[in-house]
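J.: First, the structure itself, so that you have it in front of you.
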Amino acid sequence: MKKLALLLLPLFASCSSSHHMRDMRVGTRSGQPGPDVSKVIIYRTKTPGAPFPIYGGENLVGYSESGSYFEILCEPGGHRFSSSSTWPSDAVVTADLAPGKTYYIESYVVGGGGCSVASPQLRPLTHENGQWAKIETKINRLQSRELGPENATVPARKPGEKLKRIEEGNMEMRIDAERLSREDGR
């Protein structure tokens with residue numbers, strides 16, 4: 001039994017990280033954003049489930065990996081962060097970002113046990129959901145990651161058929177986007 005567990009260990013370990021991301025280089029953490037920039041930190045605590053892509057608009061910005069986080073520096077204003085449209089359901093966060101502030105989005109996976117299909121989720125950290133007191137402790141326990149240079153120029157995704165039909169209004173089901181407001185930043 002011990003031999004079987006040792007043989008399966010690399011398989012389970014490979015499910016928590018992605019070859020698309022790499023550890024951030026020392027000294028590259030951006031700190032507090034400047035007065036004309038907003039920062040979004042997308043994090044995932046150590047939870048089971050395969051990595052999944054995160055898009056800012058139509059552009060790949062990183063991968064949600066167990067036990068890690070990544071930062072996005074962007075222009076203030078309206079943004080849309082989502083999981084890949086090839087999954088059973090898009091997880092979506094719409095954001096109105098203020099300059100000079102940092103925002104947090106938690107990523108996680110639900111389902112995937114038995115016959116169910118795993119579904120990626122995104123949950124914004126807002127003043128209403130009461131997670132502010134613990135966020136720095138959570139982030140400090142996670143590995144800082146970034147897209148590898150070969151993946152930073154991945155072409156924009158082509159929206160999946162489901163997302164196209166929803167946006168065109170040909171489907172009754174709508175994606176319920178979570179929201180980050182300007183006041184949710186620190």
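By convention in this document, the chains of the structure tokens carry letters A, B, ... by their order, each chain's residues are numbered from 1, and ligands are numbered from 1 in the order they are shown.
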If we count only C-alpha atoms, what is near Phe70 in chain A at a cut-off of 7 Å, once residues fewer than 4 positions away on the same chain are taken out, given as a ChimeraX atom specification?

T.: /A:41-43,144-146

J.: At what distance in Å, to one decimal, does CA of Pro33 in chain A lie from CA of Leu60 in chain A?

T.: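 CA of Pro33 in chain A lies at a distance of 20.9 Å from CA of Leu60 in chain A.
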
J.: Tell me, as number ranges by chain, which residues lie within 10 Å of Tyr104 in chain A, counting only C-alpha atoms; anything in the same chain fewer than 2 positions away does not count.

T.: A: 39-43, 69, 71, 102, 106-107, 123-126, 132, 135, 139, 180, 184-186

J.: Hey, what does DSSP flag as strand (DSSP E or B) within range 68-103 of chain A? Can you give it to me as number ranges by chain?

T.: A: 68-74, 77-83, 92-97, 102-103

J.: With a distance cut-off of 8 Å and only C-alpha atoms, select the neighbouring residues of Leu142 in chain A, excluding the residue or stretch itself and same-chain residues fewer than 6 positions from it, and output the selection as a list in words.

T.: Thr45, Gly67, Ser68 and Tyr69 of chain A

J.: Quick one: write out the picked residues with N, CA, C and O atoms as a PDB file, in the first residue's frame?

T.:
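Generated output (again_26.pdb):
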```
ATOM      1  N   THR A  45      -6.479  29.140  -2.068  1.00  0.00           N
ATOM      2  CA  THR A  45      -5.871  28.426  -0.960  1.00  0.00           C
ATOM      3  C   THR A  45      -5.594  26.987  -1.391  1.00  0.00           C
ATOM      4  O   THR A  45      -5.978  26.579  -2.481  1.00  0.00           O
ATOM      5  N   GLY A  67      -2.898  26.750  -3.695  1.00  0.00           N
ATOM      6  CA  GLY A  67      -1.828  27.230  -2.833  1.00  0.00           C
ATOM      7  C   GLY A  67      -1.026  28.378  -3.403  1.00  0.00           C
ATOM      8  O   GLY A  67       0.130  28.573  -3.025  1.00  0.00           O
ATOM      9  N   SER A  68      -1.614  29.176  -4.300  1.00  0.00           N
ATOM     10  CA  SER A  68      -0.848  30.271  -4.903  1.00  0.00           C
ATOM     11  C   SER A  68      -1.730  31.476  -5.218  1.00  0.00           C
ATOM     12  O   SER A  68      -2.940  31.423  -5.095  1.00  0.00           O
ATOM     13  N   TYR A  69      -1.066  32.556  -5.618  1.00  0.00           N
ATOM     14  CA  TYR A  69      -1.774  33.754  -6.068  1.00  0.00           C
ATOM     15  C   TYR A  69      -0.971  34.418  -7.166  1.00  0.00           C
ATOM     16  O   TYR A  69       0.214  34.136  -7.357  1.00  0.00           O
TER      17      TYR A  69
END
```
